[in-house]
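Trainee: Here it is, the structure in full.
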Amino acid sequence: MDFAYSPRTKTYLEQIRAFMDAHILPNESVYAEQVASASSRWTVPPVMEALKARARAEGLWNLFLPESEYGPGLSNLESAPLCEVMGRSPIAPEVFNCSFPDTGNMEVLVRYGTAEQKQEWLVPLLDGTIRSAFAMTEPDVASSDATNIESSIVRDGDAYVINGRKWWTSGIGDPRCALIIFMGKTDPRHPDRHKQQSMILIPRDARGISLVRMLQVFGYDDAPHGHGELLFEQVRVPASNLLLGEGRGFEIAQGRLGPGRIHHCMRQVGVAERALELMCRRARGRVAFGEPLSENDVTQERIAQARIEIDRARLLVLHAAWMMDTSGNKAARQAIAAIKVAVPEMTAHVLDWAIQLFGAAGVSQVFPLAYLSATARTMRILDGPDEVHREAIAKLELAKS
């Protein structure tokens, strides 16, 4: 196993770090101010479009896609370190057109879309002129087991009719959201529970889609991106909008989730690195009881443990990425499940130590720790809860004996 960064990765890392320091980190407060001061929170801040234009002009665009036809052709192992650096800022992934759920949706279209579907949806997503949403989770069933979903996709002549209720549809609040990838059942009676589901492309402005409400995460609305609850009532789209074929929804989902988990986890490593950096600055600059906090034994212990846990988590992710590149996603599924459990736990530990060191300031809006902590906590649920991944790891381990 060789986790040494390739020359291409080193070059991109240097460029992205410079771009982050010069343009993104200084504009985080500008972004927040523009969202807060807009007539509607669901309005795209001008600074975001300016940053995107600058990133694209510098060639820092669509770096997540391994297919060279659409991007630089970086492997999972090559792109993972770039995700880490982008993860240091909540606004950075979008600046580089590497943000969820667009990344996963673009990967789906690249792998499973027809030429027509790619032309209509993939091209504008790659250009960053539209955004998208992914509708799978439902409020009325335990969606940690996606076979439970109840929404329906029914063939009616040359069209499909969609009905159902979805929530945590991330990105639906963005005024640029033009596409929803929807997962529902085309054959609820199929004896194989994993072949009952399909995925279909739905234009955001299709008739029959109602926004029930926008949801908050620990009080944060994540505007203008957001997470919504949607009602689909007799939504009709052309039959050609179906992805890959009836009953192949799980196949698509598995192809989508592997790379996505690398992206999520490496961004969380970046979050933890930023938290540790803030801890060290605070510890050296803050005096309590007559001495800098950096002289306190507990502070030193937590800083040391944070460094150990971050480096350990990074190596786990790089190992999973290497396995995906060399053996395929199926062979790497245990490693992928492991990082989905280990990395969010690590990030939560580091953020909690950082907040504790900052005291009351740590839970305020003055520093980014409270927001980063809220979003990091969702990672233990997003793309399957810890318990599901631990069960998968255990079953694969038992099968070896």
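In the structure tokens, each chain is lettered A, B, ... as it comes, each chain's residues begin at 1, and ligands are numbered from 1 in order of appearance.
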Near A:Met324, within 9 Å and counting only C-alpha atoms, which residues show up once chain neighbours fewer than 4 positions away are dropped, as a list in words?
Mentor: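 Surrounding residues, per the criterion: Asn76, Leu77, Gly258, Pro259, His319, Ala320, Gly328, Asn329, Lys330, Ala331, Ala332, Arg333 and Ile336 of chain A.
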Trainee: Store the residues of this selection in a file with all heavy atoms, as a CSV table (one decimal), in the first residue's frame.
Mentor:
chain,number,residue,atom,x,y,z
A,76,ASN,N,-9.7,7.9,-6.6
A,76,ASN,CA,-10.2,8.2,-5.2
A,76,ASN,C,-9.1,8.6,-4.3
A,76,ASN,O,-9.2,9.5,-3.5
A,76,ASN,CB,-11.0,7.0,-4.7
A,76,ASN,CG,-12.3,6.8,-5.4
A,76,ASN,OD1,-13.2,7.6,-5.4
A,76,ASN,ND2,-12.4,5.6,-6.1
A,77,LEU,N,-8.0,7.9,-4.4
A,77,LEU,CA,-6.8,8.2,-3.5
A,77,LEU,C,-6.2,9.5,-3.8
A,77,LEU,O,-5.8,10.2,-2.9
A,77,LEU,CB,-5.8,7.1,-3.7
A,77,LEU,CG,-4.6,7.1,-2.7
A,77,LEU,CD1,-5.0,7.1,-1.3
A,77,LEU,CD2,-3.6,6.0,-3.0
A,258,GLY,N,-20.3,4.8,-2.5
A,258,GLY,CA,-18.9,4.6,-2.2
A,258,GLY,C,-18.0,5.8,-2.3
A,258,GLY,O,-17.4,6.2,-1.3
A,259,PRO,N,-17.9,6.4,-3.4
A,259,PRO,CA,-17.1,7.6,-3.5
A,259,PRO,C,-17.6,8.7,-2.6
A,259,PRO,O,-16.8,9.5,-2.1
A,259,PRO,CB,-17.3,8.0,-5.0
A,259,PRO,CG,-17.6,6.7,-5.7
A,259,PRO,CD,-18.5,6.0,-4.7
A,319,HIS,N,-6.8,4.4,3.1
A,319,HIS,CA,-6.8,2.9,2.9
A,319,HIS,C,-8.0,2.5,2.1
A,319,HIS,O,-8.0,1.7,1.1
A,319,HIS,CB,-6.7,2.2,4.2
A,319,HIS,CG,-6.9,0.7,4.1
A,319,HIS,ND1,-8.0,0.1,4.5
A,319,HIS,CD2,-6.1,-0.3,3.5
A,319,HIS,CE1,-7.9,-1.2,4.2
A,319,HIS,NE2,-6.7,-1.5,3.6
A,320,ALA,N,-9.2,3.0,2.5
A,320,ALA,CA,-10.4,2.7,1.8
A,320,ALA,C,-10.4,3.2,0.4
A,320,ALA,O,-10.8,2.5,-0.5
A,320,ALA,CB,-11.6,3.3,2.6
A,328,GLY,N,-11.9,-2.3,-6.3
A,328,GLY,CA,-13.3,-2.0,-6.6
A,328,GLY,C,-14.1,-1.8,-5.4
A,328,GLY,O,-13.7,-2.1,-4.2
A,329,ASN,N,-15.2,-1.1,-5.6
A,329,ASN,CA,-16.1,-0.7,-4.4
A,329,ASN,C,-16.6,-1.9,-3.6
A,329,ASN,O,-16.7,-1.8,-2.4
A,329,ASN,CB,-17.2,0.1,-4.9
A,329,ASN,CG,-16.8,1.5,-5.4
A,329,ASN,OD1,-15.6,1.8,-5.6
A,329,ASN,ND2,-17.8,2.3,-5.7
A,330,LYS,N,-16.9,-3.0,-4.3
A,330,LYS,CA,-17.5,-4.1,-3.6
A,330,LYS,C,-16.4,-4.7,-2.6
A,330,LYS,O,-16.7,-5.0,-1.5
A,330,LYS,CB,-18.0,-5.2,-4.6
A,330,LYS,CG,-18.7,-6.4,-3.9
A,330,LYS,CD,-19.2,-7.3,-4.9
A,330,LYS,CE,-20.0,-8.5,-4.2
A,330,LYS,NZ,-20.5,-9.4,-5.3
A,331,ALA,N,-15.2,-4.9,-3.1
A,331,ALA,CA,-14.2,-5.5,-2.3
A,331,ALA,C,-13.8,-4.5,-1.1
A,331,ALA,O,-13.4,-5.0,-0.1
A,331,ALA,CB,-12.9,-5.7,-3.1
A,332,ALA,N,-14.1,-3.2,-1.3
A,332,ALA,CA,-13.7,-2.2,-0.3
A,332,ALA,C,-14.9,-1.9,0.7
A,332,ALA,O,-14.7,-1.0,1.5
A,332,ALA,CB,-13.3,-0.9,-1.0
A,333,ARG,N,-16.0,-2.7,0.6
A,333,ARG,CA,-17.2,-2.2,1.3
A,333,ARG,C,-17.0,-2.3,2.8
A,333,ARG,O,-17.5,-1.4,3.6
A,333,ARG,CB,-18.4,-3.1,0.9
A,333,ARG,CG,-18.3,-4.6,1.2
A,333,ARG,CD,-19.5,-5.3,0.6
A,333,ARG,NE,-19.5,-6.7,0.8
A,333,ARG,CZ,-18.8,-7.6,0.2
A,333,ARG,NH1,-18.0,-7.3,-0.7
A,333,ARG,NH2,-19.0,-8.9,0.6
A,336,ILE,N,-15.0,0.9,3.6
A,336,ILE,CA,-15.9,2.0,3.5
A,336,ILE,C,-16.8,2.2,4.7
A,336,ILE,O,-17.0,3.3,5.2
A,336,ILE,CB,-16.7,2.0,2.2
A,336,ILE,CG1,-15.7,2.0,0.9
A,336,ILE,CG2,-17.7,3.1,2.1
A,336,ILE,CD1,-16.4,1.7,-0.4
Trainee: Name all residues at most 7 Å from A:Lys166 (count only C-alpha atoms; drop same-chain ones fewer than 6 positions away) and give them as a VMD selection string.
Mentor: chain A and resid 135 to 139 229 to 231
Trainee: From stretch 275-399 of chain A, collect each residue whose DSSP state is strand (DSSP E) and return the set as a PyMOL selection string.
Mentor: chain A and resi 287-288+291-292
Trainee: Smallest atom-to-atom distance to A:Asp127: which of A:Thr11, A:Thr43, A:Ser210, A:Asn97, using only C-alpha atoms?
Mentor: A:Asn97
Trainee: Enter the distance from atom CA of A:Pro224 to atom CA of A:Ala253, in Å, rounded to one decimal.
Mentor: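 So the two atoms, atom CA of A:Pro224 and atom CA of A:Ala253, lie 26.0 Å apart.
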Trainee: Contacts of stretch 18-29 of chain A at 10 Å or less, counting only C-alpha atoms, minus same-chain residues fewer than 5 places along, as a CSV table (one decimal) with N, CA and C atoms, in the first residue's frame?
Mentor:
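Output file result-v4.csv follows:
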chain,number,residue,atom,x,y,z
A,12,TYR,N,-2.4,20.2,-7.1
A,12,TYR,CA,-3.7,20.7,-6.7
A,12,TYR,C,-3.8,21.1,-5.3
A,13,LEU,N,-3.1,20.4,-4.4
A,13,LEU,CA,-3.2,20.7,-2.9
A,13,LEU,C,-2.6,22.1,-2.7
A,34,GLN,N,-24.2,38.1,3.8
A,34,GLN,CA,-25.1,38.2,2.7
A,34,GLN,C,-26.3,37.3,2.8
A,35,VAL,N,-26.2,36.1,3.4
A,35,VAL,CA,-27.3,35.3,3.6
A,35,VAL,C,-28.3,35.9,4.6
A,47,VAL,N,-21.3,36.6,-3.3
A,47,VAL,CA,-19.9,36.2,-3.1
A,47,VAL,C,-19.7,34.8,-3.6
A,48,MET,N,-20.7,33.9,-3.4
A,48,MET,CA,-20.5,32.5,-3.9
A,48,MET,C,-20.3,32.4,-5.4
A,51,LEU,N,-16.8,33.6,-6.2
A,51,LEU,CA,-15.8,32.7,-5.8
A,51,LEU,C,-15.8,31.5,-6.8
A,54,ARG,N,-14.1,32.4,-10.0
A,54,ARG,CA,-12.6,32.5,-9.8
A,54,ARG,C,-12.0,31.1,-9.8
A,55,ALA,N,-12.6,30.2,-9.0
A,55,ALA,CA,-12.1,28.8,-8.9
A,55,ALA,C,-12.1,28.2,-10.3
A,58,GLU,N,-9.3,29.3,-12.5
A,58,GLU,CA,-8.0,28.8,-12.1
A,58,GLU,C,-7.9,27.3,-12.3
A,60,LEU,N,-9.7,24.9,-10.9
A,60,LEU,CA,-10.0,24.2,-9.7
A,60,LEU,C,-11.5,23.8,-9.7
A,85,VAL,N,-8.9,19.3,2.4
A,85,VAL,CA,-8.6,20.7,2.5
A,85,VAL,C,-9.9,21.5,2.3
A,86,MET,N,-10.7,21.1,1.3
A,86,MET,CA,-12.0,21.8,1.1
A,86,MET,C,-12.9,21.7,2.3
A,88,ARG,N,-12.3,22.1,5.3
A,88,ARG,CA,-12.0,23.1,6.4
A,88,ARG,C,-13.0,24.2,6.4
A,89,SER,N,-13.7,24.5,5.3
A,89,SER,CA,-14.7,25.5,5.3
A,89,SER,C,-16.0,25.0,4.8
A,90,PRO,N,-17.1,25.3,5.5
A,90,PRO,CA,-18.4,24.8,5.0
A,90,PRO,C,-18.8,25.3,3.6
A,91,ILE,N,-18.3,26.4,3.2
A,91,ILE,CA,-18.6,27.0,1.8
A,91,ILE,C,-17.7,26.5,0.7
A,92,ALA,N,-16.6,25.9,1.1
A,92,ALA,CA,-15.5,25.6,0.1
A,92,ALA,C,-16.0,24.6,-1.0
A,95,VAL,N,-17.7,26.1,-3.9
A,95,VAL,CA,-16.9,27.0,-4.6
A,95,VAL,C,-16.2,26.2,-5.8
A,368,PRO,N,-16.6,29.2,14.5
A,368,PRO,CA,-17.3,28.2,13.7
A,368,PRO,C,-17.6,26.9,14.4
Trainee: From the set A:Glu277, A:Asp325, A:Glu94, A:Glu150, which residue has the shortest atom-to-atom contact distance to A:Arg307, counting only C-alpha atoms?
Mentor: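 Residue with the minimum atom-to-atom distance to A:Arg307: A:Glu277.
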Trainee: Name the residues in contact with A:Ser373 at a cut-off of 9 Å, using only C-alpha atoms, excluding same-chain residues fewer than 6 positions from it; report them as a PyMOL selection string.
Mentor: chain A and resi 347-348+351-352+355
Trainee: Taking all heavy atoms for each residue, export the selection above as a tab-separated table (two decimals), in the first residue's frame.
Mentor:
chain	number	residue	atom	x	y	z
A	347	THR	N	-14.23	13.20	14.60
A	347	THR	CA	-14.49	14.63	14.45
A	347	THR	C	-15.29	15.17	15.63
A	347	THR	O	-15.03	16.28	16.12
A	347	THR	CB	-15.24	14.89	13.13
A	347	THR	OG1	-14.54	14.27	12.06
A	347	THR	CG2	-15.34	16.38	12.85
A	348	ALA	N	-16.25	14.38	16.08
A	348	ALA	CA	-17.06	14.80	17.24
A	348	ALA	C	-16.19	14.98	18.47
A	348	ALA	O	-16.36	15.93	19.24
A	348	ALA	CB	-18.16	13.79	17.50
A	351	LEU	N	-13.98	18.21	18.02
A	351	LEU	CA	-14.80	19.41	18.14
A	351	LEU	C	-15.25	19.64	19.57
A	351	LEU	O	-15.29	20.78	20.05
A	351	LEU	CB	-16.01	19.32	17.21
A	351	LEU	CG	-15.72	19.59	15.72
A	351	LEU	CD1	-16.89	19.12	14.86
A	351	LEU	CD2	-15.48	21.08	15.49
A	352	ASP	N	-15.59	18.58	20.27
A	352	ASP	CA	-16.03	18.72	21.66
A	352	ASP	C	-14.89	19.25	22.53
A	352	ASP	O	-15.10	20.14	23.38
A	352	ASP	CB	-16.52	17.38	22.19
A	352	ASP	CG	-17.23	17.52	23.52
A	352	ASP	OD1	-18.28	18.20	23.57
A	352	ASP	OD2	-16.74	16.98	24.53
A	355	ILE	N	-14.49	22.98	21.68
A	355	ILE	CA	-15.55	23.80	22.28
A	355	ILE	C	-15.29	23.96	23.77
A	355	ILE	O	-15.44	25.06	24.33
A	355	ILE	CB	-16.93	23.16	22.02
A	355	ILE	CG1	-17.30	23.30	20.54
A	355	ILE	CG2	-18.00	23.79	22.91
A	355	ILE	CD1	-18.54	22.53	20.13
